[in-house]
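K.L.:
Quick one: structure below, then a few questions.
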Amino acid sequence: MNSFFTFNNAILIIGAIQGFVLGALLFNRKNNINANRIMSVLLFLFSISILLHVFSHSGILPIYDFHKILISAIYVLAAPLIYFYVKALTIPLISFSKKDFTHFIPFAGTLLLVLSLLFNKSPEMYLFIKEAIFIVSFLVIAAYIITANRVLFTYGSMLKNNYSSIERINLLWLRIFIFCFTILWT
């Protein structure tokens, strides 16, 4: 039987709490509001996924692999947010419009699939919906990782073409962030 009170779970829970606290602090920062709020939401989502993992492996969540489905849905939501985060950092004074909400249609579809699992108890349907969610999450996340990298590459090219000195503008940390998300996702 799995236990909730393990060293690994303690580390993960501390990390999740730290994510929630940092997310709350970042949400209230006054400079670069769009990017900070997007990163804040990302921190909340990653912290929730950590807690889902802990609760599942501790036996608190009743279905043994349902947390994987929920985490996939969370990543489908996080993928366009990472794209918007990169845009908010690279495009000065960006404003988001109603059409930007279309980026969250895959998440809405994934959420409907997750909710359908709660009402359908058939094992065959469960496996079918689970695979559909994993396929959708793979396609959506891959598309947004590629798109975020394209925005970042375009911004780097623009900097090189328009500024004589770009030594102080370092985008490596943002590339590492996208890379880490890619590693977490796989």
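Lettering and numbering for the structure tokens are positional, with chains as A, B, ... in the shown order, residues counted from 1 in each chain, and ligands counted from 1 in the shown order.
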Compile the contact shell of range 176-186 of chain A as an NGL selection string: residues with an atom at most 10 Å away, counting only C-alpha atoms, same-chain residues fewer than 3 positions apart removed.
P.N.:
:A and (46 or 71-72 or 75 or 78-79 or 82-83 or 86 or 137-138 or 141-142 or 145-146 or 148-149 or 171-173)
K.L.:
Using N, CA, C and O atoms, can you write the selected residues to a file as a tab-separated table (two decimals), in the first residue's frame?
P.N.:
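Output file out_36.tsv is given in full below:
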chain	number	residue	atom	x	y	z
A	46	PHE	N	1.07	23.91	-13.02
A	46	PHE	CA	2.12	22.92	-12.75
A	46	PHE	C	2.04	22.43	-11.31
A	46	PHE	O	2.27	21.25	-11.03
A	71	ILE	N	-3.65	15.36	-15.90
A	71	ILE	CA	-2.40	16.09	-16.15
A	71	ILE	C	-2.26	16.39	-17.65
A	71	ILE	O	-1.82	17.47	-18.05
A	72	SER	N	-2.67	15.45	-18.50
A	72	SER	CA	-2.66	15.72	-19.95
A	72	SER	C	-3.57	16.89	-20.29
A	72	SER	O	-3.22	17.74	-21.11
A	75	TYR	N	-1.88	20.06	-19.31
A	75	TYR	CA	-0.83	20.43	-20.26
A	75	TYR	C	-1.42	20.97	-21.56
A	75	TYR	O	-0.81	21.82	-22.21
A	78	ALA	N	-1.86	24.40	-20.65
A	78	ALA	CA	-0.59	25.09	-20.45
A	78	ALA	C	0.10	25.42	-21.78
A	78	ALA	O	0.78	26.44	-21.89
A	79	ALA	N	-0.08	24.59	-22.80
A	79	ALA	CA	0.62	24.79	-24.07
A	79	ALA	C	0.32	26.15	-24.70
A	79	ALA	O	1.26	26.90	-25.03
A	82	ILE	N	1.94	28.95	-22.66
A	82	ILE	CA	3.38	29.14	-22.90
A	82	ILE	C	3.60	29.96	-24.16
A	82	ILE	O	4.44	30.86	-24.20
A	83	TYR	N	2.83	29.67	-25.18
A	83	TYR	CA	2.90	30.46	-26.42
A	83	TYR	C	2.58	31.93	-26.12
A	83	TYR	O	3.30	32.84	-26.56
A	86	VAL	N	5.45	33.62	-24.23
A	86	VAL	CA	6.55	34.02	-25.11
A	86	VAL	C	6.16	35.27	-25.90
A	86	VAL	O	6.96	36.20	-26.03
A	137	SER	N	-3.60	15.73	-26.75
A	137	SER	CA	-2.59	16.46	-25.98
A	137	SER	C	-1.25	16.44	-26.70
A	137	SER	O	-0.55	17.46	-26.74
A	138	PHE	N	-0.88	15.32	-27.29
A	138	PHE	CA	0.38	15.25	-28.02
A	138	PHE	C	0.40	16.25	-29.17
A	138	PHE	O	1.37	17.01	-29.33
A	141	ILE	N	0.21	20.06	-27.80
A	141	ILE	CA	1.43	20.49	-27.13
A	141	ILE	C	2.58	20.61	-28.13
A	141	ILE	O	3.33	21.59	-28.11
A	142	ALA	N	2.70	19.65	-29.03
A	142	ALA	CA	3.77	19.72	-30.04
A	142	ALA	C	3.60	20.97	-30.90
A	142	ALA	O	4.58	21.68	-31.18
A	145	ILE	N	4.57	24.10	-28.82
A	145	ILE	CA	6.01	24.17	-28.56
A	145	ILE	C	6.73	24.67	-29.81
A	145	ILE	O	7.60	25.55	-29.75
A	146	ILE	N	6.34	24.14	-30.96
A	146	ILE	CA	6.93	24.59	-32.23
A	146	ILE	C	6.62	26.06	-32.47
A	146	ILE	O	7.50	26.86	-32.83
A	148	ALA	N	5.80	28.44	-30.25
A	148	ALA	CA	6.51	29.30	-29.29
A	148	ALA	C	7.97	29.44	-29.69
A	148	ALA	O	8.54	30.54	-29.60
A	149	ASN	N	8.58	28.36	-30.15
A	149	ASN	CA	9.97	28.44	-30.59
A	149	ASN	C	10.10	29.31	-31.85
A	149	ASN	O	11.09	30.03	-31.99
A	171	LEU	N	18.06	35.41	-24.36
A	171	LEU	CA	16.82	34.64	-24.40
A	171	LEU	C	17.04	33.17	-24.07
A	171	LEU	O	16.12	32.38	-24.19
A	172	LEU	N	18.24	32.82	-23.62
A	172	LEU	CA	18.54	31.43	-23.33
A	172	LEU	C	17.62	30.87	-22.25
A	172	LEU	O	17.16	29.74	-22.34
A	173	TRP	N	17.32	31.66	-21.23
A	173	TRP	CA	16.46	31.18	-20.14
A	173	TRP	C	15.07	30.82	-20.65
A	173	TRP	O	14.46	29.85	-20.19
K.L.:
Between A:Ile74, A:Leu111, A:Leu12, A:Val136, which residue has the minimum interatomic distance to Leu45 in chain A, considering only C-alpha atoms?
P.N.:
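Nearest candidate to Leu45 in chain A out of A:Ile74, A:Leu111, A:Leu12, A:Val136: A:Ile74.
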K.L.:
What does the structure give for the distance between CA of Leu25 in chain A and CA of Ser40 in chain A, in Å to one decimal?
P.N.:
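Result for CA of Leu25 in chain A versus CA of Ser40 in chain A: 8.1 Å, one decimal.
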K.L.:
Just give me the gap between CA of Asn36 in chain A and CA of Leu93 in chain A in Å, one decimal is fine.
P.N.:
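Here the two named atoms are 13.2 Å from each other.
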K.L.:
Between A:Asn34, A:Phe4, A:Glu131, A:Val41, single out the one closest to Ile94 in chain A, counting only C-alpha atoms.
P.N.:
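Of A:Asn34, A:Phe4, A:Glu131, A:Val41, the one nearest Ile94 in chain A, counting only C-alpha atoms, is A:Asn34.
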K.L.:
Can you pull out every residue within 7 Å of range 47-53 of chain A, counting only C-alpha atoms, but drop anything in the same chain fewer than 2 positions away, and send it as a PyMOL selection string?
P.N.:
chain A and resi 12-13+16+19-20+43-45+55-57+67+71
K.L.:
Figure out the distance between CA of Asn8 in chain A and CA of Leu174 in chain A, please, to one decimal in Å.
P.N.:
28.0 Å
K.L.:
Could you give me, as a VMD selection string, each residue of range 72-127 of chain A that DSSP assigns to helix (DSSP H, G or I) when run on this structure's backbone?
P.N.:
chain A and resid 72 to 90 98 to 119 123 to 127
